[in-house]
There are 2 protein chains.
Amino acid sequence: MAYSKKNEFTQEDTWLADVAKALSHPARIRILKILTEMNVCMCGDIVDLLPLSQSTVSQHLKELKRVGLIHGDIDGPKVCYCVNNINLQKAKQELDLLFSQVCNC
Amino acid sequence: MAYSKKNEFTQEDTWLADVAKALSHPARIRILKILTEMNVCMCGDIVDLLPLSQSTVSQHLKELKRVGLIHGDIDGPKVCYCVNNINLQKAKQELDLLFSQVCNC
DNA sequence: TTTATTCATCGTATATTTGCGATGAACGAT
DNA sequence: ATCGTTCATCGCAAATATACGATGAATAAA
């Protein structure tokens with residue numbers, strides 16, 4: 001590849017692609033749904049519901065945190081994960097905008 | 001990784017993740033927009049508009065075709081690429097459903 | 001038939017993602 | 001102070017993605 005060319009695009013396209021990347025693994029889709037279904041959710045709760053190890057789930061949570069779709073509040077040795085409604089709404093709006101630009105329906 | 005675990009999830013979550021993956025590179029976001037702006041579009045037209053080689057653009061087109069967001073109609077030595085409105089609409093609907101499940105706004 | 005155009009695919013290099021076990025940090029409870 | 005719980009991170013291995021040049025197939029035009 002030599003070097004990535006991802007930054008030779010507009011910031012909007014890059015941001016949208018980045019959000020899409022965060023959604024591009026079924027485990028992360030599932031995690032978002034789990035976090036909404038359960039009001040409070042620790043990492044261990046999610047591990048129990050997924051066919052993945054604790055360290056792998058932790059990585060997926062980190063990716064969702066990176067783009068701001070969730071946040072984790074430290075509570076002693078636990079971390080309470082929640083969806084970030086503000087950023088989810090922003091992501092929804094930007095995706096809606098993309099589809100309105102791209103789809104002639 | 002040993003083996004991927006992507007198929008240990010529901011078909012819906014896997015399909016959504018797959019659509020998101022197709023949108024997870026700014027070049028592919030850009031290509032979708034270009035295909036909408038121009039009514040008829042050959043691969044070479046897109047290559048002229050992107051900082052990527054012809055073979056790389058062809059790969060991105062292939063990925064968009066794989067999930068059905070675009071289709072290419074052969075026209076002699078040319079290939080006429082278009083967005084696939086039906087599947088774009090389906091993708092939009094499924095993403096809307098996800099956000100309605102996941103976002104408390 | 002030869003030539004030019006258009007594009008997909010192959011081969012290759014590098015980067016990134018996915019996944020796990022092991023380890024250690026942080027904290028509450030004993 | 002010690003122990004158990006919770007979780008992030010490190011180190012590693014394997015799989016995928018990104019990017020390019022080279023090549024070849026397919027067709028239109030000459």
# chains A, B, ... in the order shown; residues from 1 in each chain; ligands from 1
>>> residues_around(residues="Ala27 of chain B", least_positions_apart="5", cutoff="8 Å", atoms="only C-alpha atoms (C1' of nucleotides)", output="tab-separated table (two decimals) with N, CA and C atoms, in the first residue's frame")
chain	number	residue	atom	x	y	z
A	6	LYS	N	-6.23	8.01	2.96
A	6	LYS	CA	-7.52	8.35	3.55
A	6	LYS	C	-7.66	9.83	3.89
A	9	PHE	N	-9.08	13.19	1.32
A	9	PHE	CA	-10.49	13.39	1.03
A	9	PHE	C	-11.02	14.47	1.96
B	50	LEU	N	-10.36	11.14	-8.42
B	50	LEU	CA	-9.83	10.66	-7.15
B	50	LEU	C	-8.31	10.56	-7.20
B	60	HIS	N	-12.41	-0.56	-5.23
B	60	HIS	CA	-13.45	0.10	-4.42
B	60	HIS	C	-14.82	-0.09	-5.06
>>> select_by_dssp(residues="chain A", states="helix (DSSP H, G or I)", output="PDB file with N, CA and C atoms, in the first residue's frame")
ATOM      1  N   GLN A  11     -13.062  16.344   4.943  1.00  0.00           N
ATOM      2  CA  GLN A  11     -13.225  15.974   6.338  1.00  0.00           C
ATOM      3  C   GLN A  11     -14.581  15.298   6.560  1.00  0.00           C
ATOM      4  N   GLU A  12     -15.594  15.773   5.824  1.00  0.00           N
ATOM      5  CA  GLU A  12     -16.926  15.175   5.966  1.00  0.00           C
ATOM      6  C   GLU A  12     -16.921  13.717   5.526  1.00  0.00           C
ATOM      7  N   ASP A  13     -16.361  13.462   4.345  1.00  0.00           N
ATOM      8  CA  ASP A  13     -16.329  12.089   3.847  1.00  0.00           C
ATOM      9  C   ASP A  13     -15.510  11.204   4.776  1.00  0.00           C
ATOM     10  N   THR A  14     -14.401  11.752   5.290  1.00  0.00           N
ATOM     11  CA  THR A  14     -13.546  10.978   6.180  1.00  0.00           C
ATOM     12  C   THR A  14     -14.259  10.673   7.494  1.00  0.00           C
ATOM     13  N   TRP A  15     -14.994  11.651   8.005  1.00  0.00           N
ATOM     14  CA  TRP A  15     -15.710  11.441   9.261  1.00  0.00           C
ATOM     15  C   TRP A  15     -16.810  10.394   9.093  1.00  0.00           C
ATOM     16  N   LEU A  16     -17.570  10.528   8.017  1.00  0.00           N
ATOM     17  CA  LEU A  16     -18.625   9.545   7.745  1.00  0.00           C
ATOM     18  C   LEU A  16     -18.051   8.142   7.616  1.00  0.00           C
ATOM     19  N   ALA A  17     -16.955   8.034   6.889  1.00  0.00           N
ATOM     20  CA  ALA A  17     -16.313   6.734   6.711  1.00  0.00           C
ATOM     21  C   ALA A  17     -15.875   6.172   8.062  1.00  0.00           C
ATOM     22  N   ASP A  18     -15.430   7.051   8.924  1.00  0.00           N
ATOM     23  CA  ASP A  18     -14.951   6.634  10.235  1.00  0.00           C
ATOM     24  C   ASP A  18     -16.094   6.105  11.101  1.00  0.00           C
ATOM     25  N   VAL A  19     -17.220   6.775  11.055  1.00  0.00           N
ATOM     26  CA  VAL A  19     -18.403   6.299  11.780  1.00  0.00           C
ATOM     27  C   VAL A  19     -18.833   4.948  11.222  1.00  0.00           C
ATOM     28  N   ALA A  20     -18.853   4.857   9.885  1.00  0.00           N
ATOM     29  CA  ALA A  20     -19.237   3.586   9.251  1.00  0.00           C
ATOM     30  C   ALA A  20     -18.289   2.478   9.677  1.00  0.00           C
ATOM     31  N   LYS A  21     -17.016   2.801   9.776  1.00  0.00           N
ATOM     32  CA  LYS A  21     -16.038   1.789  10.193  1.00  0.00           C
ATOM     33  C   LYS A  21     -16.356   1.278  11.597  1.00  0.00           C
ATOM     34  N   ALA A  22     -16.762   2.186  12.476  1.00  0.00           N
ATOM     35  CA  ALA A  22     -17.114   1.769  13.836  1.00  0.00           C
ATOM     36  C   ALA A  22     -18.310   0.828  13.838  1.00  0.00           C
ATOM     37  N   PRO A  26     -20.233  -6.899  13.277  1.00  0.00           N
ATOM     38  CA  PRO A  26     -21.496  -7.269  13.938  1.00  0.00           C
ATOM     39  C   PRO A  26     -21.418  -7.218  15.458  1.00  0.00           C
ATOM     40  N   ALA A  27     -20.256  -7.478  16.013  1.00  0.00           N
ATOM     41  CA  ALA A  27     -20.124  -7.402  17.474  1.00  0.00           C
ATOM     42  C   ALA A  27     -20.410  -5.981  17.963  1.00  0.00           C
ATOM     43  N   ARG A  28     -19.978  -4.999  17.188  1.00  0.00           N
ATOM     44  CA  ARG A  28     -20.173  -3.614  17.636  1.00  0.00           C
ATOM     45  C   ARG A  28     -21.620  -3.163  17.436  1.00  0.00           C
ATOM     46  N   ILE A  29     -22.267  -3.665  16.390  1.00  0.00           N
ATOM     47  CA  ILE A  29     -23.704  -3.416  16.236  1.00  0.00           C
ATOM     48  C   ILE A  29     -24.437  -4.000  17.441  1.00  0.00           C
ATOM     49  N   ARG A  30     -24.088  -5.242  17.760  1.00  0.00           N
ATOM     50  CA  ARG A  30     -24.717  -5.939  18.887  1.00  0.00           C
ATOM     51  C   ARG A  30     -24.486  -5.193  20.195  1.00  0.00           C
ATOM     52  N   ILE A  31     -23.264  -4.728  20.402  1.00  0.00           N
ATOM     53  CA  ILE A  31     -22.935  -4.018  21.639  1.00  0.00           C
ATOM     54  C   ILE A  31     -23.804  -2.767  21.787  1.00  0.00           C
ATOM     55  N   LEU A  32     -23.968  -2.030  20.693  1.00  0.00           N
ATOM     56  CA  LEU A  32     -24.819  -0.838  20.754  1.00  0.00           C
ATOM     57  C   LEU A  32     -26.234  -1.208  21.165  1.00  0.00           C
ATOM     58  N   LYS A  33     -26.748  -2.304  20.616  1.00  0.00           N
ATOM     59  CA  LYS A  33     -28.106  -2.724  20.971  1.00  0.00           C
ATOM     60  C   LYS A  33     -28.188  -3.148  22.431  1.00  0.00           C
ATOM     61  N   ILE A  34     -27.173  -3.899  22.882  1.00  0.00           N
ATOM     62  CA  ILE A  34     -27.146  -4.348  24.279  1.00  0.00           C
ATOM     63  C   ILE A  34     -27.107  -3.150  25.229  1.00  0.00           C
ATOM     64  N   LEU A  35     -26.290  -2.172  24.885  1.00  0.00           N
ATOM     65  CA  LEU A  35     -26.170  -0.996  25.755  1.00  0.00           C
ATOM     66  C   LEU A  35     -27.482  -0.224  25.843  1.00  0.00           C
ATOM     67  N   THR A  36     -28.283  -0.304  24.777  1.00  0.00           N
ATOM     68  CA  THR A  36     -29.572   0.391  24.824  1.00  0.00           C
ATOM     69  C   THR A  36     -30.597  -0.412  25.614  1.00  0.00           C
ATOM     70  N   GLU A  37     -30.573  -1.741  25.411  1.00  0.00           N
ATOM     71  CA  GLU A  37     -31.530  -2.592  26.111  1.00  0.00           C
ATOM     72  C   GLU A  37     -31.332  -2.544  27.624  1.00  0.00           C
ATOM     73  N   CYS A  43     -18.543  -4.011  31.156  1.00  0.00           N
ATOM     74  CA  CYS A  43     -17.871  -4.790  30.116  1.00  0.00           C
ATOM     75  C   CYS A  43     -18.157  -6.285  30.283  1.00  0.00           C
ATOM     76  N   GLY A  44     -18.096  -6.740  31.530  1.00  0.00           N
ATOM     77  CA  GLY A  44     -18.307  -8.166  31.793  1.00  0.00           C
ATOM     78  C   GLY A  44     -19.691  -8.648  31.384  1.00  0.00           C
ATOM     79  N   ASP A  45     -20.698  -7.783  31.541  1.00  0.00           N
ATOM     80  CA  ASP A  45     -22.054  -8.135  31.108  1.00  0.00           C
ATOM     81  C   ASP A  45     -22.071  -8.437  29.623  1.00  0.00           C
ATOM     82  N   ILE A  46     -21.374  -7.595  28.862  1.00  0.00           N
ATOM     83  CA  ILE A  46     -21.349  -7.763  27.405  1.00  0.00           C
ATOM     84  C   ILE A  46     -20.588  -9.025  27.026  1.00  0.00           C
ATOM     85  N   VAL A  47     -19.481  -9.264  27.723  1.00  0.00           N
ATOM     86  CA  VAL A  47     -18.695 -10.475  27.460  1.00  0.00           C
ATOM     87  C   VAL A  47     -19.573 -11.712  27.611  1.00  0.00           C
ATOM     88  N   ASP A  48     -20.441 -11.697  28.633  1.00  0.00           N
ATOM     89  CA  ASP A  48     -21.306 -12.857  28.857  1.00  0.00           C
ATOM     90  C   ASP A  48     -22.297 -13.078  27.715  1.00  0.00           C
ATOM     91  N   LEU A  49     -22.583 -12.010  26.974  1.00  0.00           N
ATOM     92  CA  LEU A  49     -23.600 -12.097  25.920  1.00  0.00           C
ATOM     93  C   LEU A  49     -23.006 -12.318  24.531  1.00  0.00           C
ATOM     94  N   GLN A  54     -12.876 -11.409  26.831  1.00  0.00           N
ATOM     95  CA  GLN A  54     -12.951 -10.099  27.482  1.00  0.00           C
ATOM     96  C   GLN A  54     -12.057  -9.082  26.791  1.00  0.00           C
ATOM     97  N   SER A  55     -10.876  -9.493  26.410  1.00  0.00           N
ATOM     98  CA  SER A  55      -9.963  -8.518  25.798  1.00  0.00           C
ATOM     99  C   SER A  55     -10.467  -8.062  24.433  1.00  0.00           C
ATOM    100  N   THR A  56     -11.083  -8.977  23.709  1.00  0.00           N
ATOM    101  CA  THR A  56     -11.621  -8.605  22.391  1.00  0.00           C
ATOM    102  C   THR A  56     -12.803  -7.655  22.533  1.00  0.00           C
ATOM    103  N   VAL A  57     -13.683  -7.946  23.476  1.00  0.00           N
ATOM    104  CA  VAL A  57     -14.820  -7.050  23.709  1.00  0.00           C
ATOM    105  C   VAL A  57     -14.318  -5.672  24.126  1.00  0.00           C
ATOM    106  N   SER A  58     -13.290  -5.662  24.952  1.00  0.00           N
ATOM    107  CA  SER A  58     -12.720  -4.388  25.391  1.00  0.00           C
ATOM    108  C   SER A  58     -12.218  -3.570  24.198  1.00  0.00           C
ATOM    109  N   GLN A  59     -11.623  -4.263  23.237  1.00  0.00           N
ATOM    110  CA  GLN A  59     -11.161  -3.576  22.023  1.00  0.00           C
ATOM    111  C   GLN A  59     -12.319  -3.006  21.211  1.00  0.00           C
ATOM    112  N   HIS A  60     -13.391  -3.768  21.093  1.00  0.00           N
ATOM    113  CA  HIS A  60     -14.549  -3.270  20.343  1.00  0.00           C
ATOM    114  C   HIS A  60     -15.148  -2.050  21.043  1.00  0.00           C
ATOM    115  N   LEU A  61     -15.200  -2.113  22.380  1.00  0.00           N
ATOM    116  CA  LEU A  61     -15.698  -0.961  23.129  1.00  0.00           C
ATOM    117  C   LEU A  61     -14.812   0.266  22.889  1.00  0.00           C
ATOM    118  N   LYS A  62     -13.519   0.012  22.821  1.00  0.00           N
ATOM    119  CA  LYS A  62     -12.579   1.110  22.585  1.00  0.00           C
ATOM    120  C   LYS A  62     -12.827   1.771  21.225  1.00  0.00           C
ATOM    121  N   GLU A  63     -13.112   0.949  20.228  1.00  0.00           N
ATOM    122  CA  GLU A  63     -13.374   1.480  18.884  1.00  0.00           C
ATOM    123  C   GLU A  63     -14.655   2.322  18.872  1.00  0.00           C
ATOM    124  N   LEU A  64     -15.682   1.841  19.571  1.00  0.00           N
ATOM    125  CA  LEU A  64     -16.928   2.614  19.637  1.00  0.00           C
ATOM    126  C   LEU A  64     -16.728   3.910  20.418  1.00  0.00           C
ATOM    127  N   LYS A  65     -15.860   3.844  21.432  1.00  0.00           N
ATOM    128  CA  LYS A  65     -15.552   5.049  22.203  1.00  0.00           C
ATOM    129  C   LYS A  65     -14.769   6.043  21.347  1.00  0.00           C
ATOM    130  N   ARG A  66     -13.853   5.516  20.524  1.00  0.00           N
ATOM    131  CA  ARG A  66     -12.989   6.366  19.708  1.00  0.00           C
ATOM    132  C   ARG A  66     -13.782   7.344  18.847  1.00  0.00           C
ATOM    133  N   ASN A  85     -26.009   9.497  23.189  1.00  0.00           N
ATOM    134  CA  ASN A  85     -27.149   9.879  22.351  1.00  0.00           C
ATOM    135  C   ASN A  85     -26.841  11.047  21.425  1.00  0.00           C
ATOM    136  N   ILE A  86     -26.077  11.991  21.928  1.00  0.00           N
ATOM    137  CA  ILE A  86     -25.785  13.181  21.112  1.00  0.00           C
ATOM    138  C   ILE A  86     -25.039  12.795  19.839  1.00  0.00           C
ATOM    139  N   ASN A  87     -23.993  11.989  20.014  1.00  0.00           N
ATOM    140  CA  ASN A  87     -23.204  11.614  18.839  1.00  0.00           C
ATOM    141  C   ASN A  87     -23.921  10.608  17.946  1.00  0.00           C
ATOM    142  N   LEU A  88     -24.746   9.757  18.555  1.00  0.00           N
ATOM    143  CA  LEU A  88     -25.543   8.848  17.736  1.00  0.00           C
ATOM    144  C   LEU A  88     -26.495   9.645  16.852  1.00  0.00           C
ATOM    145  N   GLN A  89     -27.070  10.680  17.437  1.00  0.00           N
ATOM    146  CA  GLN A  89     -27.990  11.513  16.662  1.00  0.00           C
ATOM    147  C   GLN A  89     -27.250  12.224  15.527  1.00  0.00           C
ATOM    148  N   LYS A  90     -26.051  12.709  15.854  1.00  0.00           N
ATOM    149  CA  LYS A  90     -25.258  13.376  14.819  1.00  0.00           C
ATOM    150  C   LYS A  90     -24.918  12.394  13.691  1.00  0.00           C
ATOM    151  N   ALA A  91     -24.535  11.178  14.079  1.00  0.00           N
ATOM    152  CA  ALA A  91     -24.207  10.161  13.081  1.00  0.00           C
ATOM    153  C   ALA A  91     -25.428   9.859  12.222  1.00  0.00           C
ATOM    154  N   LYS A  92     -26.565   9.726  12.865  1.00  0.00           N
ATOM    155  CA  LYS A  92     -27.813   9.463  12.120  1.00  0.00           C
ATOM    156  C   LYS A  92     -28.088  10.581  11.129  1.00  0.00           C
ATOM    157  N   GLN A  93     -27.943  11.820  11.574  1.00  0.00           N
ATOM    158  CA  GLN A  93     -28.211  12.969  10.696  1.00  0.00           C
ATOM    159  C   GLN A  93     -27.268  12.994   9.498  1.00  0.00           C
ATOM    160  N   GLU A  94     -25.996  12.745   9.762  1.00  0.00           N
ATOM    161  CA  GLU A  94     -25.012  12.793   8.669  1.00  0.00           C
ATOM    162  C   GLU A  94     -25.238  11.645   7.689  1.00  0.00           C
ATOM    163  N   LEU A  95     -25.610  10.481   8.213  1.00  0.00           N
ATOM    164  CA  LEU A  95     -25.916   9.359   7.325  1.00  0.00           C
ATOM    165  C   LEU A  95     -27.177   9.656   6.522  1.00  0.00           C
ATOM    166  N   ASP A  96     -28.175  10.260   7.166  1.00  0.00           N
ATOM    167  CA  ASP A  96     -29.385  10.659   6.443  1.00  0.00           C
ATOM    168  C   ASP A  96     -29.030  11.615   5.308  1.00  0.00           C
ATOM    169  N   LEU A  97     -28.144  12.562   5.627  1.00  0.00           N
ATOM    170  CA  LEU A  97     -27.728  13.533   4.607  1.00  0.00           C
ATOM    171  C   LEU A  97     -27.050  12.823   3.443  1.00  0.00           C
ATOM    172  N   LEU A  98     -26.166  11.891   3.774  1.00  0.00           N
ATOM    173  CA  LEU A  98     -25.501  11.129   2.712  1.00  0.00           C
ATOM    174  C   LEU A  98     -26.518  10.426   1.824  1.00  0.00           C
ATOM    175  N   PHE A  99     -27.463   9.744   2.449  1.00  0.00           N
ATOM    176  CA  PHE A  99     -28.430   8.990   1.658  1.00  0.00           C
ATOM    177  C   PHE A  99     -29.333   9.926   0.849  1.00  0.00           C
ATOM    178  N   SER A 100     -29.611  11.096   1.378  1.00  0.00           N
ATOM    179  CA  SER A 100     -30.432  12.032   0.602  1.00  0.00           C
ATOM    180  C   SER A 100     -29.647  12.566  -0.597  1.00  0.00           C
ATOM    181  N   GLN A 101     -28.311  12.622  -0.458  1.00  0.00           N
ATOM    182  CA  GLN A 101     -27.488  13.084  -1.576  1.00  0.00           C
ATOM    183  C   GLN A 101     -27.305  11.984  -2.617  1.00  0.00           C
ATOM    184  N   VAL A 102     -27.404  10.747  -2.162  1.00  0.00           N
ATOM    185  CA  VAL A 102     -26.899   9.632  -2.950  1.00  0.00           C
ATOM    186  C   VAL A 102     -28.020   8.759  -3.501  1.00  0.00           C
TER     187      VAL A 102
END
>>> interface_residues(of="chain D", to="chain B", cutoff="8 Å", atoms="only C-alpha atoms (C1' of nucleotides)", output="PDB file with C-alpha atoms (C1' of nucleotides), in the first residue's frame")
ATOM      1  C1'  DA D  13      -0.628 -14.583  15.302  1.00  0.00           C
ATOM      2  C1'  DA D  14      -3.623 -14.686  11.520  1.00  0.00           C
ATOM      3  C1'  DA D  15      -6.856 -12.532   8.456  1.00  0.00           C
ATOM      4  C1'  DA D  19      -2.642   0.518  -2.828  1.00  0.00           C
ATOM      5  C1'  DC D  20       0.041   0.059  -7.023  1.00  0.00           C
ATOM      6  C1'  DA D  26     -13.100  -7.232 -24.596  1.00  0.00           C
ATOM      7  C1'  DT D  27     -14.690  -4.168 -27.686  1.00  0.00           C
ATOM      8  C1'  DA D  28     -14.844  -0.177 -31.048  1.00  0.00           C
TER       9       DA D  28
END
>>> calpha_fit_and_write(fixed="chain A", moving="chain B", output="PDB file with C-alpha atoms, in the first residue's frame")
ATOM      1  CA  MET B   1      -0.228   0.277  -0.016  1.00  0.00           C
ATOM      2  CA  ALA B   2       2.917   2.233   0.779  1.00  0.00           C
ATOM      3  CA  TYR B   3       0.882   4.911   2.563  1.00  0.00           C
ATOM      4  CA  SER B   4      -2.784   5.396   3.289  1.00  0.00           C
ATOM      5  CA  LYS B   5      -4.615   8.004   1.271  1.00  0.00           C
ATOM      6  CA  LYS B   6      -7.545   8.350   3.601  1.00  0.00           C
ATOM      7  CA  ASN B   7      -6.662  11.946   4.447  1.00  0.00           C
ATOM      8  CA  GLU B   8      -6.739  13.088   0.850  1.00  0.00           C
ATOM      9  CA  PHE B   9     -10.503  13.376   1.084  1.00  0.00           C
ATOM     10  CA  THR B  10     -12.831  15.944   2.650  1.00  0.00           C
ATOM     11  CA  GLN B  11     -13.260  15.952   6.395  1.00  0.00           C
ATOM     12  CA  GLU B  12     -16.942  15.156   6.006  1.00  0.00           C
ATOM     13  CA  ASP B  13     -16.357  12.083   3.879  1.00  0.00           C
ATOM     14  CA  THR B  14     -13.583  10.957   6.218  1.00  0.00           C
ATOM     15  CA  TRP B  15     -15.745  11.415   9.287  1.00  0.00           C
ATOM     16  CA  LEU B  16     -18.654   9.524   7.756  1.00  0.00           C
ATOM     17  CA  ALA B  17     -16.349   6.704   6.712  1.00  0.00           C
ATOM     18  CA  ASP B  18     -14.979   6.599  10.228  1.00  0.00           C
ATOM     19  CA  VAL B  19     -18.429   6.260  11.776  1.00  0.00           C
ATOM     20  CA  ALA B  20     -19.257   3.551   9.250  1.00  0.00           C
ATOM     21  CA  LYS B  21     -16.058   1.762  10.178  1.00  0.00           C
ATOM     22  CA  ALA B  22     -17.113   1.737  13.824  1.00  0.00           C
ATOM     23  CA  LEU B  23     -20.359   0.053  12.733  1.00  0.00           C
ATOM     24  CA  SER B  24     -18.622  -2.389  10.399  1.00  0.00           C
ATOM     25  CA  HIS B  25     -18.429  -5.363  12.765  1.00  0.00           C
ATOM     26  CA  PRO B  26     -21.515  -7.308  13.947  1.00  0.00           C
ATOM     27  CA  ALA B  27     -20.128  -7.427  17.488  1.00  0.00           C
ATOM     28  CA  ARG B  28     -20.172  -3.648  17.634  1.00  0.00           C
ATOM     29  CA  ILE B  29     -23.697  -3.441  16.237  1.00  0.00           C
ATOM     30  CA  ARG B  30     -24.714  -5.960  18.895  1.00  0.00           C
ATOM     31  CA  ILE B  31     -22.928  -4.027  21.641  1.00  0.00           C
ATOM     32  CA  LEU B  32     -24.804  -0.848  20.751  1.00  0.00           C
ATOM     33  CA  LYS B  33     -28.092  -2.726  20.973  1.00  0.00           C
ATOM     34  CA  ILE B  34     -27.133  -4.332  24.273  1.00  0.00           C
ATOM     35  CA  LEU B  35     -26.151  -0.978  25.736  1.00  0.00           C
ATOM     36  CA  THR B  36     -29.568   0.403  24.824  1.00  0.00           C
ATOM     37  CA  GLU B  37     -31.527  -2.587  26.110  1.00  0.00           C
ATOM     38  CA  MET B  38     -29.781  -2.575  29.481  1.00  0.00           C
ATOM     39  CA  ASN B  39     -29.713   0.790  31.167  1.00  0.00           C
ATOM     40  CA  VAL B  40     -26.423   0.181  32.968  1.00  0.00           C
ATOM     41  CA  CYS B  41     -23.827  -2.086  31.462  1.00  0.00           C
ATOM     42  CA  MET B  42     -20.380  -3.243  32.458  1.00  0.00           C
ATOM     43  CA  CYS B  43     -17.862  -4.760  30.109  1.00  0.00           C
ATOM     44  CA  GLY B  44     -18.312  -8.126  31.802  1.00  0.00           C
ATOM     45  CA  ASP B  45     -22.050  -8.104  31.120  1.00  0.00           C
ATOM     46  CA  ILE B  46     -21.343  -7.748  27.407  1.00  0.00           C
ATOM     47  CA  VAL B  47     -18.696 -10.452  27.471  1.00  0.00           C
ATOM     48  CA  ASP B  48     -21.314 -12.833  28.886  1.00  0.00           C
ATOM     49  CA  LEU B  49     -23.602 -12.082  25.942  1.00  0.00           C
ATOM     50  CA  LEU B  50     -21.055 -12.354  23.133  1.00  0.00           C
ATOM     51  CA  PRO B  51     -18.959 -15.260  21.818  1.00  0.00           C
ATOM     52  CA  LEU B  52     -15.803 -13.233  22.340  1.00  0.00           C
ATOM     53  CA  SER B  53     -13.138 -12.970  25.007  1.00  0.00           C
ATOM     54  CA  GLN B  54     -12.945 -10.112  27.476  1.00  0.00           C
ATOM     55  CA  SER B  55      -9.951  -8.541  25.782  1.00  0.00           C
ATOM     56  CA  THR B  56     -11.623  -8.647  22.384  1.00  0.00           C
ATOM     57  CA  VAL B  57     -14.813  -7.069  23.703  1.00  0.00           C
ATOM     58  CA  SER B  58     -12.710  -4.404  25.364  1.00  0.00           C
ATOM     59  CA  GLN B  59     -11.133  -3.619  21.994  1.00  0.00           C
ATOM     60  CA  HIS B  60     -14.533  -3.306  20.333  1.00  0.00           C
ATOM     61  CA  LEU B  61     -15.678  -0.976  23.113  1.00  0.00           C
ATOM     62  CA  LYS B  62     -12.554   1.080  22.553  1.00  0.00           C
ATOM     63  CA  GLU B  63     -13.346   1.432  18.857  1.00  0.00           C
ATOM     64  CA  LEU B  64     -16.901   2.584  19.614  1.00  0.00           C
ATOM     65  CA  LYS B  65     -15.520   5.032  22.155  1.00  0.00           C
ATOM     66  CA  ARG B  66     -12.956   6.323  19.657  1.00  0.00           C
ATOM     67  CA  VAL B  67     -15.656   7.704  17.357  1.00  0.00           C
ATOM     68  CA  GLY B  68     -17.771   8.801  20.322  1.00  0.00           C
ATOM     69  CA  LEU B  69     -20.751   6.501  19.841  1.00  0.00           C
ATOM     70  CA  ILE B  70     -20.467   5.329  23.447  1.00  0.00           C
ATOM     71  CA  HIS B  71     -18.764   6.488  26.610  1.00  0.00           C
ATOM     72  CA  GLY B  72     -17.595   4.693  29.709  1.00  0.00           C
ATOM     73  CA  ASP B  73     -17.880   6.147  33.184  1.00  0.00           C
ATOM     74  CA  ILE B  74     -15.496   4.753  35.754  1.00  0.00           C
ATOM     75  CA  ASP B  75     -17.257   3.489  38.878  1.00  0.00           C
ATOM     76  CA  GLY B  76     -14.718   1.930  41.182  1.00  0.00           C
ATOM     77  CA  PRO B  77     -13.193  -1.089  39.501  1.00  0.00           C
ATOM     78  CA  LYS B  78     -16.141  -1.196  37.116  1.00  0.00           C
ATOM     79  CA  VAL B  79     -16.747   0.864  34.009  1.00  0.00           C
ATOM     80  CA  CYS B  80     -20.314   1.807  33.234  1.00  0.00           C
ATOM     81  CA  TYR B  81     -20.798   1.934  29.482  1.00  0.00           C
ATOM     82  CA  CYS B  82     -23.591   3.899  27.848  1.00  0.00           C
ATOM     83  CA  VAL B  83     -24.516   4.944  24.349  1.00  0.00           C
ATOM     84  CA  ASN B  84     -23.777   8.582  23.554  1.00  0.00           C
ATOM     85  CA  ASN B  85     -27.116   9.882  22.326  1.00  0.00           C
ATOM     86  CA  ILE B  86     -25.734  13.171  21.083  1.00  0.00           C
ATOM     87  CA  ASN B  87     -23.164  11.604  18.804  1.00  0.00           C
ATOM     88  CA  LEU B  88     -25.523   8.836  17.719  1.00  0.00           C
ATOM     89  CA  GLN B  89     -27.962  11.513  16.646  1.00  0.00           C
ATOM     90  CA  LYS B  90     -25.217  13.368  14.808  1.00  0.00           C
ATOM     91  CA  ALA B  91     -24.204  10.144  13.061  1.00  0.00           C
ATOM     92  CA  LYS B  92     -27.803   9.466  12.108  1.00  0.00           C
ATOM     93  CA  GLN B  93     -28.198  12.968  10.693  1.00  0.00           C
ATOM     94  CA  GLU B  94     -25.003  12.789   8.661  1.00  0.00           C
ATOM     95  CA  LEU B  95     -25.921   9.366   7.312  1.00  0.00           C
ATOM     96  CA  ASP B  96     -29.388  10.670   6.430  1.00  0.00           C
ATOM     97  CA  LEU B  97     -27.726  13.547   4.597  1.00  0.00           C
ATOM     98  CA  LEU B  98     -25.504  11.140   2.697  1.00  0.00           C
ATOM     99  CA  PHE B  99     -28.445   9.007   1.641  1.00  0.00           C
ATOM    100  CA  SER B 100     -30.432  12.055   0.600  1.00  0.00           C
ATOM    101  CA  GLN B 101     -27.488  13.104  -1.577  1.00  0.00           C
ATOM    102  CA  VAL B 102     -26.912   9.654  -2.970  1.00  0.00           C
ATOM    103  CA  CYS B 103     -30.283   8.019  -3.316  1.00  0.00           C
ATOM    104  CA  ASN B 104     -32.879   9.188  -5.834  1.00  0.00           C
ATOM    105  CA  CYS B 105     -35.818   7.705  -3.998  1.00  0.00           C
TER     106      CYS B 105
END
>>> interface_residues(of="chain C", to="chain A", cutoff="6 Å", atoms="only C-alpha atoms (C1' of nucleotides)", output="list in words")
DT14, DA26 and DC27 of chain C
>>> atom_distance(atom1="atom C1' of DA30 of chain D", atom2="atom C1' of DC7 of chain C")
21.5 Å
>>> atom_distance(atom1="atom C1' of DC10 of chain D", atom2="atom C1' of DT17 of chain C")
16.4 Å
>>> atom_distance(atom1="atom C1' of DG24 of chain C", atom2="atom C1' of DT2 of chain D")
16.5 Å
>>> select_by_dssp(residues="chain B", states="strand (DSSP E or B)", output="ChimeraX atom specification")
/B:41,70-75,78-83
>>> closest_residue(among="D:DT5, D:DT18, D:DA29, D:DG11", to="DA15 of chain C", atoms="only C-alpha atoms (C1' of nucleotides)")
D:DT18
